Amino acid sequence: MTRNYLRITATLLALAPAAGSWAAAPDFNDSAAVLKNMRAMLDQCSNARAKSCMVSCGYGLKTLKNFIKANPGGDPSIMKQRWEPCFEAHRDANIKVAAPAEKDSAPPVPAPAKAAPSYDRSKFVISNLQLGGSMEPQKGRCRLLEAYGHHNETKAEHWDSVIEKGAATGPGPDIVKGYKGLINEAPVYIHFEADAAGRLYMIQFRQKEKMNVEPVKQALIDRYGQPSKQHGSYIYWGCERGPQDGFCVKASATENILEIWAFDAEIKKAAELAYEANLLKAKGIKAGPKF
């Protein structure tokens with residue numbers, strides 16, 4: 001029996017299935033549900049070798065994941081924007097799939113990946129520098145602090161020295177993208193990076209001093225909590241996707257060196273997006289396609 005297509009309503013409370021295919025609108029307030037729905041449609045497109053559908057759903061899924069990483073709270077209107085082209089391509093491909101057992105049941109999809117554990121950033125303090133906290137109270141310790149950004153007069157983007165040997169050297173760029181600094185307090189050496197507001201997203205700590213390893217490891221666990229894994233001399237918190245993606249803190253304690261690396265990709269990516277938006281605004285350029 002042929003079914004009539006129903007238009008997507010403004011509230012997207014319901015969608016009718018296309019002839020011979022299945023699709024249903026997810027809850028756009030639930031980012032996980034939207035990703036799951038698009039993943040299911042992409043899998044069906046791939047199995048049917050529907051290239052246009054594969055491209056639309058693959059691109060939409062990728063851009064939505066990036067948006068959610070930068071905006072964990074989500075935005076229903078953006079969710080809808082990313083979802084609609086995939087839905088329309090899936091509908092137009094007229095993919096033949098088995099009908100669900102019940103009218104409102106969802107199609108079979110792979111089980112979602114187990115969510116990564118959440119970590120309290122306020123616990124990850126390294127030599128008075130807190131991951132996700134402000135660098136401002138520690139600027140006086142900096143041997144070197146540099147700022148990267150855009151200069152209105154020259155229209156150039158580059159690094160500028162802001163502090164050298166504890167003394168201020170200049171105001172820095174007009175539009176700041178981020179900071180990097182160096183603290184040298186032998187036997188402790190620290191490199192850090194922060195966003196335009198001074199919020200720390202990378203701390204690299206190195207202490208060169210003879211030490212008793214086991215008490216140091218225990219002190220790390222006492223401060224930062226139960227690690228996600230241990231391997232050799234390394235202890236990890238997070239780092240499920242690698243040191244440069246997501247949340248990652250890792251420490252290594254040996255008889256002569258203690259190293260701690262702390263990184264939060266969400267803060268860094270948000271800083272990059274904010275900088276690009278501020279740069280376009282300063283240049284009077286509206287974001288979006290220009291064709």
# chains A, B, ... in the order shown; residues from 1 in each chain; ligands from 1
call {"tool": "residues_around", "arguments": {"residues": "segment 46-54 of chain A", "least_positions_apart": "4", "cutoff": "12 Å", "atoms": "only C-alpha atoms", "output": "short mmCIF file (atom, residue, chain, number, x, y, z; two decimals) with N, CA, C and O atoms, in the first residue's frame"}}
result
data_model
loop_
_atom_site.label_atom_id
_atom_site.label_comp_id
_atom_site.auth_asym_id
_atom_site.auth_seq_id
_atom_site.Cartn_x
_atom_site.Cartn_y
_atom_site.Cartn_z
N SER A 21 10.81 3.00 2.69
CA SER A 21 11.96 3.27 3.53
C SER A 21 11.48 3.69 4.91
O SER A 21 10.30 3.92 5.12
N MET A 38 20.94 9.74 12.62
CA MET A 38 21.69 9.98 11.39
C MET A 38 22.63 8.82 11.08
O MET A 38 22.82 8.46 9.90
N ARG A 39 23.21 8.23 12.11
CA ARG A 39 24.09 7.07 11.91
C ARG A 39 23.31 5.91 11.27
O ARG A 39 23.80 5.22 10.39
N ALA A 40 22.05 5.70 11.75
CA ALA A 40 21.22 4.64 11.21
C ALA A 40 20.91 4.89 9.73
O ALA A 40 20.97 3.98 8.90
N MET A 41 20.58 6.14 9.40
CA MET A 41 20.28 6.46 8.00
C MET A 41 21.52 6.31 7.12
O MET A 41 21.45 5.80 5.99
N LEU A 42 22.69 6.72 7.64
CA LEU A 42 23.93 6.57 6.89
C LEU A 42 24.24 5.09 6.63
O LEU A 42 24.66 4.72 5.52
N GLY A 58 26.87 11.45 5.59
CA GLY A 58 28.23 11.42 6.11
C GLY A 58 28.73 12.80 6.47
O GLY A 58 29.30 13.01 7.56
N TYR A 59 28.49 13.77 5.59
CA TYR A 59 28.92 15.15 5.85
C TYR A 59 28.15 15.73 7.03
O TYR A 59 28.72 16.36 7.92
N GLY A 60 26.83 15.50 7.04
CA GLY A 60 26.01 16.04 8.13
C GLY A 60 26.41 15.48 9.48
O GLY A 60 26.47 16.20 10.47
N LEU A 61 26.70 14.18 9.52
CA LEU A 61 27.11 13.53 10.77
C LEU A 61 28.43 14.09 11.27
O LEU A 61 28.60 14.37 12.45
N LYS A 62 29.38 14.30 10.35
CA LYS A 62 30.69 14.82 10.73
C LYS A 62 30.58 16.24 11.28
O LYS A 62 31.15 16.56 12.33
N GLU A 84 18.32 17.61 8.61
CA GLU A 84 17.35 17.65 7.50
C GLU A 84 17.91 17.20 6.14
O GLU A 84 17.28 16.39 5.45
N PRO A 85 19.12 17.69 5.71
CA PRO A 85 19.63 17.23 4.41
C PRO A 85 19.84 15.72 4.35
O PRO A 85 19.60 15.09 3.32
N CYS A 86 20.26 15.14 5.47
CA CYS A 86 20.44 13.69 5.52
C CYS A 86 19.09 12.99 5.38
O CYS A 86 18.95 12.03 4.61
N PHE A 87 18.10 13.47 6.12
CA PHE A 87 16.76 12.87 6.05
C PHE A 87 16.20 12.93 4.63
O PHE A 87 15.66 11.96 4.10
N GLU A 88 16.35 14.12 3.99
CA GLU A 88 15.79 14.29 2.65
C GLU A 88 16.49 13.39 1.63
O GLU A 88 15.84 12.80 0.75
N ALA A 89 17.82 13.29 1.75
CA ALA A 89 18.56 12.42 0.83
C ALA A 89 18.19 10.95 1.04
O ALA A 89 18.06 10.18 0.10
N HIS A 90 18.02 10.57 2.30
CA HIS A 90 17.61 9.20 2.63
C HIS A 90 16.22 8.91 2.08
O HIS A 90 15.96 7.85 1.49
N ARG A 91 15.31 9.87 2.24
CA ARG A 91 13.95 9.72 1.73
C ARG A 91 13.93 9.59 0.21
O ARG A 91 13.29 8.70 -0.36
N ASP A 92 14.69 10.48 -0.46
CA ASP A 92 14.69 10.50 -1.92
C ASP A 92 15.37 9.28 -2.52
O ASP A 92 15.12 8.92 -3.67
N ALA A 93 16.26 8.64 -1.74
CA ALA A 93 16.94 7.45 -2.25
C ALA A 93 16.00 6.24 -2.30
O ALA A 93 16.30 5.24 -2.94
N ASN A 94 14.84 6.36 -1.61
CA ASN A 94 13.82 5.30 -1.63
C ASN A 94 14.44 3.94 -1.29
O ASN A 94 14.26 2.95 -2.01
N ILE A 95 15.19 3.90 -0.20
CA ILE A 95 15.88 2.68 0.20
C ILE A 95 14.89 1.67 0.75
O ILE A 95 14.06 1.99 1.60
N LYS A 96 14.99 0.44 0.24
CA LYS A 96 14.10 -0.63 0.69
C LYS A 96 14.70 -1.29 1.94
O LYS A 96 15.79 -1.84 1.88
N VAL A 97 13.99 -1.17 3.03
CA VAL A 97 14.44 -1.81 4.27
C VAL A 97 13.28 -2.56 4.89
O VAL A 97 12.12 -2.30 4.58
#
call {"tool": "select_by_dssp", "arguments": {"residues": "segment 236-273 of chain A", "states": "helix (DSSP H, G or I)", "output": "count of residues only"}}
result
9
call {"tool": "closest_residue", "arguments": {"among": "A:Val176, A:Ile285, A:Ala147, A:Val249", "to": "Val162 of chain A", "atoms": "only C-alpha atoms"}}
result
A:Ala147
call {"tool": "residues_around", "arguments": {"residues": "Asp75 of chain A", "least_positions_apart": "2", "cutoff": "8 Å", "atoms": "only C-alpha atoms", "output": "ChimeraX atom specification"}}
result
/A:28-29,73,77-79
call {"tool": "write_last_selection", "arguments": {"atoms": "all heavy atoms", "output": "PDB file, in the first residue's frame"}}
result
ATOM      1  N   PHE A  28      15.194  16.766  18.960  1.00  0.00           N
ATOM      2  CA  PHE A  28      16.308  17.665  18.666  1.00  0.00           C
ATOM      3  C   PHE A  28      16.899  18.331  19.907  1.00  0.00           C
ATOM      4  O   PHE A  28      17.863  19.081  19.807  1.00  0.00           O
ATOM      5  CB  PHE A  28      15.883  18.718  17.636  1.00  0.00           C
ATOM      6  CG  PHE A  28      15.614  18.125  16.286  1.00  0.00           C
ATOM      7  CD1 PHE A  28      14.319  17.907  15.852  1.00  0.00           C
ATOM      8  CD2 PHE A  28      16.654  17.718  15.476  1.00  0.00           C
ATOM      9  CE1 PHE A  28      14.068  17.320  14.624  1.00  0.00           C
ATOM     10  CE2 PHE A  28      16.418  17.135  14.242  1.00  0.00           C
ATOM     11  CZ  PHE A  28      15.113  16.933  13.814  1.00  0.00           C
ATOM     12  N   ASN A  29      16.320  18.049  21.057  1.00  0.00           N
ATOM     13  CA  ASN A  29      16.935  18.491  22.311  1.00  0.00           C
ATOM     14  C   ASN A  29      17.907  17.451  22.850  1.00  0.00           C
ATOM     15  O   ASN A  29      18.569  17.671  23.859  1.00  0.00           O
ATOM     16  CB  ASN A  29      15.849  18.763  23.363  1.00  0.00           C
ATOM     17  CG  ASN A  29      15.024  19.986  23.024  1.00  0.00           C
ATOM     18  OD1 ASN A  29      15.538  21.091  22.981  1.00  0.00           O
ATOM     19  ND2 ASN A  29      13.738  19.784  22.766  1.00  0.00           N
ATOM     20  N   GLY A  73      26.219  21.831  25.115  1.00  0.00           N
ATOM     21  CA  GLY A  73      24.814  22.047  25.448  1.00  0.00           C
ATOM     22  C   GLY A  73      23.885  21.844  24.273  1.00  0.00           C
ATOM     23  O   GLY A  73      22.700  21.581  24.427  1.00  0.00           O
ATOM     24  N   SER A  77      17.869  24.019  17.003  1.00  0.00           N
ATOM     25  CA  SER A  77      17.741  24.518  15.632  1.00  0.00           C
ATOM     26  C   SER A  77      18.923  24.091  14.763  1.00  0.00           C
ATOM     27  O   SER A  77      18.767  23.757  13.582  1.00  0.00           O
ATOM     28  CB  SER A  77      17.621  26.048  15.633  1.00  0.00           C
ATOM     29  OG  SER A  77      18.801  26.644  16.135  1.00  0.00           O
ATOM     30  N   ILE A  78      20.138  24.066  15.351  1.00  0.00           N
ATOM     31  CA  ILE A  78      21.316  23.609  14.607  1.00  0.00           C
ATOM     32  C   ILE A  78      21.231  22.106  14.363  1.00  0.00           C
ATOM     33  O   ILE A  78      21.586  21.609  13.291  1.00  0.00           O
ATOM     34  CB  ILE A  78      22.616  23.954  15.367  1.00  0.00           C
ATOM     35  CG1 ILE A  78      22.729  25.484  15.563  1.00  0.00           C
ATOM     36  CG2 ILE A  78      23.833  23.424  14.613  1.00  0.00           C
ATOM     37  CD1 ILE A  78      22.845  26.256  14.274  1.00  0.00           C
ATOM     38  N   MET A  79      20.778  21.374  15.397  1.00  0.00           N
ATOM     39  CA  MET A  79      20.597  19.932  15.234  1.00  0.00           C
ATOM     40  C   MET A  79      19.696  19.651  14.033  1.00  0.00           C
ATOM     41  O   MET A  79      19.974  18.787  13.203  1.00  0.00           O
ATOM     42  CB  MET A  79      19.944  19.324  16.486  1.00  0.00           C
ATOM     43  CG  MET A  79      20.711  19.539  17.755  1.00  0.00           C
ATOM     44  SD  MET A  79      22.150  18.473  17.909  1.00  0.00           S
ATOM     45  CE  MET A  79      22.741  19.025  19.495  1.00  0.00           C
TER      46      MET A  79
END
call {"tool": "atom_distance", "arguments": {"atom1": "atom CA of Asn256 of chain A", "atom2": "atom CA of Pro187 of chain A"}}
result
10.8 Å
call {"tool": "residues_around", "arguments": {"residues": "Ser31 of chain A", "least_positions_apart": "3", "cutoff": "10 Å", "atoms": "only C-alpha atoms", "output": "ChimeraX atom specification"}}
result
/A:26-28,34-37,64-65,68,72-76,79
call {"tool": "atom_distance", "arguments": {"atom1": "atom CA of Phe192 of chain A", "atom2": "atom CA of Thr63 of chain A"}}
result
29.2 Å
call {"tool": "closest_residue", "arguments": {"among": "A:Ile235, A:Leu144, A:Ala25, A:Ala262", "to": "Leu129 of chain A", "atoms": "only C-alpha atoms"}}
result
A:Ala262
call {"tool": "residues_around", "arguments": {"residues": "segment 193-207 of chain A", "least_positions_apart": "5", "cutoff": "9 Å", "atoms": "only C-alpha atoms", "output": "JSON list (two decimals) with C-alpha atoms, in the first residue's frame"}}
result
[["chain", "number", "residue", "atom", "x", "y", "z"],
["A", 126, "ILE", "CA", 49.61, 21.31, 38.70],
["A", 127, "SER", "CA", 51.97, 23.66, 40.50],
["A", 129, "LEU", "CA", 47.92, 25.97, 37.51],
["A", 130, "GLN", "CA", 44.43, 24.48, 37.12],
["A", 131, "LEU", "CA", 43.31, 22.84, 33.88],
["A", 132, "GLY", "CA", 40.32, 24.91, 32.79],
["A", 133, "GLY", "CA", 41.22, 27.63, 35.30],
["A", 134, "SER", "CA", 42.68, 31.09, 34.73],
["A", 135, "MET", "CA", 46.37, 31.76, 34.13],
["A", 136, "GLU", "CA", 46.02, 35.31, 35.48],
["A", 147, "ALA", "CA", 50.09, 35.99, 22.62],
["A", 148, "TYR", "CA", 48.99, 35.01, 19.12],
["A", 175, "ILE", "CA", 42.35, 40.24, 18.66],
["A", 176, "VAL", "CA", 43.89, 37.45, 20.72],
["A", 177, "LYS", "CA", 43.54, 33.80, 19.76],
["A", 178, "GLY", "CA", 45.53, 32.40, 22.66],
["A", 179, "TYR", "CA", 48.57, 32.47, 24.90],
["A", 180, "LYS", "CA", 51.57, 30.26, 25.54],
["A", 181, "GLY", "CA", 53.84, 30.65, 28.50],
["A", 186, "ALA", "CA", 64.37, 24.89, 38.68],
["A", 187, "PRO", "CA", 64.00, 22.01, 39.22],
["A", 188, "VAL", "CA", 60.48, 22.68, 37.85],
["A", 256, "ASN", "CA", 64.87, 11.29, 38.38],
["A", 257, "ILE", "CA", 61.95, 12.91, 36.52],
["A", 258, "LEU", "CA", 58.27, 13.62, 37.18],
["A", 259, "GLU", "CA", 56.28, 14.64, 34.10],
["A", 260, "ILE", "CA", 52.60, 15.62, 33.93],
["A", 261, "TRP", "CA", 50.71, 16.48, 30.73],
["A", 262, "ALA", "CA", 47.18, 17.91, 30.99],
["A", 263, "PHE", "CA", 45.06, 18.82, 27.98],
["A", 264, "ASP", "CA", 41.43, 19.76, 27.30],
["A", 265, "ALA", "CA", 40.58, 19.80, 23.57],
["A", 266, "GLU", "CA", 37.10, 21.26, 24.14],
["A", 267, "ILE", "CA", 38.52, 24.51, 25.51],
["A", 268, "LYS", "CA", 41.05, 24.74, 22.66],
["A", 270, "ALA", "CA", 36.02, 26.58, 21.43],
["A", 271, "ALA", "CA", 38.82, 29.18, 21.52],
["A", 272, "GLU", "CA", 39.61, 28.59, 17.83],
["A", 275, "TYR", "CA", 38.72, 33.63, 17.34]]
call {"tool": "closest_residue", "arguments": {"among": "A:Leu273, A:Leu280, A:Val55, A:Cys45", "to": "Phe67 of chain A", "atoms": "only C-alpha atoms"}}
result
A:Leu273
call {"tool": "residues_around", "arguments": {"residues": "segment 157-161 of chain A", "least_positions_apart": "4", "cutoff": "9 Å", "atoms": "only C-alpha atoms", "output": "list in words"}}
result
Leu144, Leu145, Glu146, Ala147, Tyr148, Gly149, His150, His151, Ala168, Thr169, Gly170, Pro171, Gly172, Pro173 and Tyr179 of chain A
call {"tool": "atom_distance", "arguments": {"atom1": "atom CA of Tyr236 of chain A", "atom2": "atom CA of Ile183 of chain A"}}
result
23.9 Å
call {"tool": "residues_around", "arguments": {"residues": "segment 210-214 of chain A", "least_positions_apart": "4", "cutoff": "10 Å", "atoms": "only C-alpha atoms", "output": "PDB file with N, CA, C and O atoms, in the first residue's frame"}}
result
ATOM      1  N   GLN A 218      51.360   7.516  44.288  1.00  0.00           N
ATOM      2  CA  GLN A 218      50.203   7.516  45.181  1.00  0.00           C
ATOM      3  C   GLN A 218      49.693   8.929  45.418  1.00  0.00           C
ATOM      4  O   GLN A 218      48.475   9.164  45.509  1.00  0.00           O
ATOM      5  N   ALA A 219      50.610   9.888  45.516  1.00  0.00           N
ATOM      6  CA  ALA A 219      50.209  11.287  45.706  1.00  0.00           C
ATOM      7  C   ALA A 219      49.411  11.793  44.492  1.00  0.00           C
ATOM      8  O   ALA A 219      48.442  12.558  44.639  1.00  0.00           O
ATOM      9  N   LEU A 220      49.815  11.366  43.298  1.00  0.00           N
ATOM     10  CA  LEU A 220      49.083  11.739  42.087  1.00  0.00           C
ATOM     11  C   LEU A 220      47.657  11.185  42.118  1.00  0.00           C
ATOM     12  O   LEU A 220      46.690  11.897  41.806  1.00  0.00           O
ATOM     13  N   SER A 233      55.456   3.260  33.503  1.00  0.00           N
ATOM     14  CA  SER A 233      55.605   4.379  34.446  1.00  0.00           C
ATOM     15  C   SER A 233      54.468   5.395  34.327  1.00  0.00           C
ATOM     16  O   SER A 233      54.413   6.337  35.107  1.00  0.00           O
ATOM     17  N   SER A 252      54.041  10.604  34.447  1.00  0.00           N
ATOM     18  CA  SER A 252      55.086   9.583  34.487  1.00  0.00           C
ATOM     19  C   SER A 252      56.055   9.937  35.602  1.00  0.00           C
ATOM     20  O   SER A 252      56.584  11.052  35.638  1.00  0.00           O
ATOM     21  N   ALA A 253      56.260   8.995  36.505  1.00  0.00           N
ATOM     22  CA  ALA A 253      57.190   9.213  37.616  1.00  0.00           C
ATOM     23  C   ALA A 253      58.305   8.182  37.539  1.00  0.00           C
ATOM     24  O   ALA A 253      58.060   6.974  37.533  1.00  0.00           O
ATOM     25  N   THR A 254      59.537   8.674  37.434  1.00  0.00           N
ATOM     26  CA  THR A 254      60.712   7.809  37.469  1.00  0.00           C
ATOM     27  C   THR A 254      61.616   8.302  38.599  1.00  0.00           C
ATOM     28  O   THR A 254      61.293   9.291  39.277  1.00  0.00           O
ATOM     29  N   GLU A 255      62.742   7.661  38.778  1.00  0.00           N
ATOM     30  CA  GLU A 255      63.620   8.020  39.896  1.00  0.00           C
ATOM     31  C   GLU A 255      64.179   9.432  39.782  1.00  0.00           C
ATOM     32  O   GLU A 255      64.554  10.036  40.788  1.00  0.00           O
ATOM     33  N   ASN A 256      64.240   9.979  38.566  1.00  0.00           N
ATOM     34  CA  ASN A 256      64.873  11.291  38.381  1.00  0.00           C
ATOM     35  C   ASN A 256      63.959  12.355  37.773  1.00  0.00           C
ATOM     36  O   ASN A 256      64.289  13.539  37.798  1.00  0.00           O
ATOM     37  N   ILE A 257      62.804  11.944  37.216  1.00  0.00           N
ATOM     38  CA  ILE A 257      61.951  12.910  36.522  1.00  0.00           C
ATOM     39  C   ILE A 257      60.476  12.620  36.803  1.00  0.00           C
ATOM     40  O   ILE A 257      60.027  11.485  36.720  1.00  0.00           O
ATOM     41  N   LEU A 258      59.728  13.680  37.101  1.00  0.00           N
ATOM     42  CA  LEU A 258      58.270  13.621  37.181  1.00  0.00           C
ATOM     43  C   LEU A 258      57.720  14.490  36.055  1.00  0.00           C
ATOM     44  O   LEU A 258      58.049  15.678  35.964  1.00  0.00           O
TER      45      LEU A 258
END
call {"tool": "closest_residue", "arguments": {"among": "A:Arg223, A:Lys69, A:His191, A:Lys217", "to": "Ser122 of chain A", "atoms": "only C-alpha atoms"}}
result
A:Arg223
call {"tool": "closest_residue", "arguments": {"among": "A:Ala282, A:Ile221, A:Ile190, A:Cys248", "to": "Ser118 of chain A", "atoms": "only C-alpha atoms"}}
result
A:Cys248
call {"tool": "select_by_dssp", "arguments": {"residues": "segment 60-288 of chain A", "states": "strand (DSSP E or B)", "output": "number ranges by chain"}}
result
A: 125-126, 129-130, 134, 144-150, 157-164, 167-168, 175-185, 188-195, 199-208, 229-231, 234-238, 247-253, 257-264
call {"tool": "decode", "arguments": {"residues": "segment 161-187 of chain A", "atoms": "N, CA, C and O atoms", "output": "mmCIF file, in the first residue's frame"}}
result
data_model
loop_
_atom_site.group_PDB
_atom_site.id
_atom_site.type_symbol
_atom_site.label_atom_id
_atom_site.label_comp_id
_atom_site.auth_asym_id
_atom_site.auth_seq_id
_atom_site.Cartn_x
_atom_site.Cartn_y
_atom_site.Cartn_z
ATOM 1 N N SER A 161 55.476 38.908 22.074
ATOM 2 C CA SER A 161 55.902 38.762 23.467
ATOM 3 C C SER A 161 55.085 39.725 24.332
ATOM 4 O O SER A 161 54.969 40.909 24.032
ATOM 5 N N VAL A 162 54.509 39.214 25.406
ATOM 6 C CA VAL A 162 53.734 40.023 26.345
ATOM 7 C C VAL A 162 54.510 40.216 27.648
ATOM 8 O O VAL A 162 54.458 41.273 28.272
ATOM 9 N N ILE A 163 55.224 39.143 28.049
ATOM 10 C CA ILE A 163 56.068 39.197 29.251
ATOM 11 C C ILE A 163 57.388 38.507 28.936
ATOM 12 O O ILE A 163 57.402 37.428 28.332
ATOM 13 N N GLU A 164 58.511 39.123 29.329
ATOM 14 C CA GLU A 164 59.825 38.500 29.217
ATOM 15 C C GLU A 164 60.579 38.717 30.516
ATOM 16 O O GLU A 164 60.667 39.848 31.009
ATOM 17 N N LYS A 165 61.078 37.625 31.065
ATOM 18 C CA LYS A 165 61.832 37.658 32.325
ATOM 19 C C LYS A 165 61.060 38.381 33.420
ATOM 20 O O LYS A 165 61.609 39.163 34.196
ATOM 21 N N GLY A 166 59.743 38.163 33.442
ATOM 22 C CA GLY A 166 58.902 38.712 34.491
ATOM 23 C C GLY A 166 58.436 40.131 34.257
ATOM 24 O O GLY A 166 57.639 40.654 35.042
ATOM 25 N N ALA A 167 58.894 40.779 33.169
ATOM 26 C CA ALA A 167 58.511 42.167 32.904
ATOM 27 C C ALA A 167 57.619 42.260 31.666
ATOM 28 O O ALA A 167 57.844 41.556 30.674
ATOM 29 N N ALA A 168 56.618 43.136 31.721
ATOM 30 C CA ALA A 168 55.719 43.332 30.582
ATOM 31 C C ALA A 168 56.481 43.955 29.425
ATOM 32 O O ALA A 168 57.311 44.851 29.608
ATOM 33 N N THR A 169 56.212 43.458 28.210
ATOM 34 C CA THR A 169 56.924 43.943 27.024
ATOM 35 C C THR A 169 56.011 44.586 25.988
ATOM 36 O O THR A 169 56.485 45.214 25.059
ATOM 37 N N GLY A 170 54.712 44.429 26.104
ATOM 38 C CA GLY A 170 53.824 45.026 25.119
ATOM 39 C C GLY A 170 52.403 44.538 25.286
ATOM 40 O O GLY A 170 52.139 43.558 25.981
ATOM 41 N N PRO A 171 51.460 45.221 24.620
ATOM 42 C CA PRO A 171 50.045 44.866 24.775
ATOM 43 C C PRO A 171 49.638 43.609 24.014
ATOM 44 O O PRO A 171 48.633 42.988 24.330
ATOM 45 N N GLY A 172 50.404 43.243 22.987
ATOM 46 C CA GLY A 172 50.048 42.060 22.203
ATOM 47 C C GLY A 172 49.060 42.379 21.096
ATOM 48 O O GLY A 172 48.799 43.543 20.791
ATOM 49 N N PRO A 173 48.482 41.374 20.459
ATOM 50 C CA PRO A 173 47.564 41.570 19.324
ATOM 51 C C PRO A 173 46.279 42.273 19.756
ATOM 52 O O PRO A 173 45.900 42.256 20.926
ATOM 53 N N ASP A 174 45.596 42.855 18.763
ATOM 54 C CA ASP A 174 44.305 43.489 19.033
ATOM 55 C C ASP A 174 43.221 42.437 19.256
ATOM 56 O O ASP A 174 42.321 42.629 20.076
ATOM 57 N N ILE A 175 43.288 41.353 18.487
ATOM 58 C CA ILE A 175 42.353 40.236 18.663
ATOM 59 C C ILE A 175 43.188 39.010 19.006
ATOM 60 O O ILE A 175 43.941 38.519 18.178
ATOM 61 N N VAL A 176 43.055 38.548 20.235
ATOM 62 C CA VAL A 176 43.893 37.451 20.719
ATOM 63 C C VAL A 176 43.228 36.104 20.455
ATOM 64 O O VAL A 176 42.037 35.927 20.723
ATOM 65 N N LYS A 177 44.006 35.183 19.922
ATOM 66 C CA LYS A 177 43.540 33.805 19.758
ATOM 67 C C LYS A 177 43.892 32.973 20.986
ATOM 68 O O LYS A 177 43.094 32.163 21.447
ATOM 69 N N GLY A 178 45.115 33.174 21.502
ATOM 70 C CA GLY A 178 45.527 32.398 22.661
ATOM 71 C C GLY A 178 46.906 32.777 23.151
ATOM 72 O O GLY A 178 47.594 33.615 22.547
ATOM 73 N N TYR A 179 47.290 32.176 24.263
ATOM 74 C CA TYR A 179 48.573 32.468 24.898
ATOM 75 C C TYR A 179 49.385 31.182 25.066
ATOM 76 O O TYR A 179 48.835 30.089 25.164
ATOM 77 N N LYS A 180 50.704 31.340 25.110
ATOM 78 C CA LYS A 180 51.567 30.255 25.543
ATOM 79 C C LYS A 180 52.624 30.850 26.462
ATOM 80 O O LYS A 180 53.114 31.963 26.238
ATOM 81 N N GLY A 181 52.926 30.107 27.513
ATOM 82 C CA GLY A 181 53.839 30.650 28.503
ATOM 83 C C GLY A 181 54.842 29.633 29.000
ATOM 84 O O GLY A 181 54.691 28.422 28.805
ATOM 85 N N LEU A 182 55.891 30.156 29.642
ATOM 86 C CA LEU A 182 56.962 29.334 30.190
ATOM 87 C C LEU A 182 57.252 29.800 31.613
ATOM 88 O O LEU A 182 57.445 30.988 31.868
ATOM 89 N N ILE A 183 57.260 28.837 32.534
ATOM 90 C CA ILE A 183 57.650 29.080 33.923
ATOM 91 C C ILE A 183 58.892 28.245 34.206
ATOM 92 O O ILE A 183 58.885 27.026 33.991
ATOM 93 N N ASN A 184 59.935 28.898 34.636
ATOM 94 C CA ASN A 184 61.206 28.217 34.904
ATOM 95 C C ASN A 184 61.576 28.466 36.361
ATOM 96 O O ASN A 184 62.053 29.537 36.729
ATOM 97 N N GLU A 185 61.315 27.457 37.188
ATOM 98 C CA GLU A 185 61.624 27.533 38.605
ATOM 99 C C GLU A 185 62.363 26.250 38.986
ATOM 100 O O GLU A 185 61.810 25.360 39.624
ATOM 101 N N ALA A 186 63.596 26.131 38.512
ATOM 102 C CA ALA A 186 64.368 24.893 38.681
ATOM 103 C C ALA A 186 64.237 24.370 40.108
ATOM 104 O O ALA A 186 64.330 25.145 41.071
ATOM 105 N N PRO A 187 63.949 23.066 40.253
ATOM 106 C CA PRO A 187 63.999 22.007 39.224
ATOM 107 C C PRO A 187 62.693 21.802 38.464
ATOM 108 O O PRO A 187 62.493 20.770 37.842
#
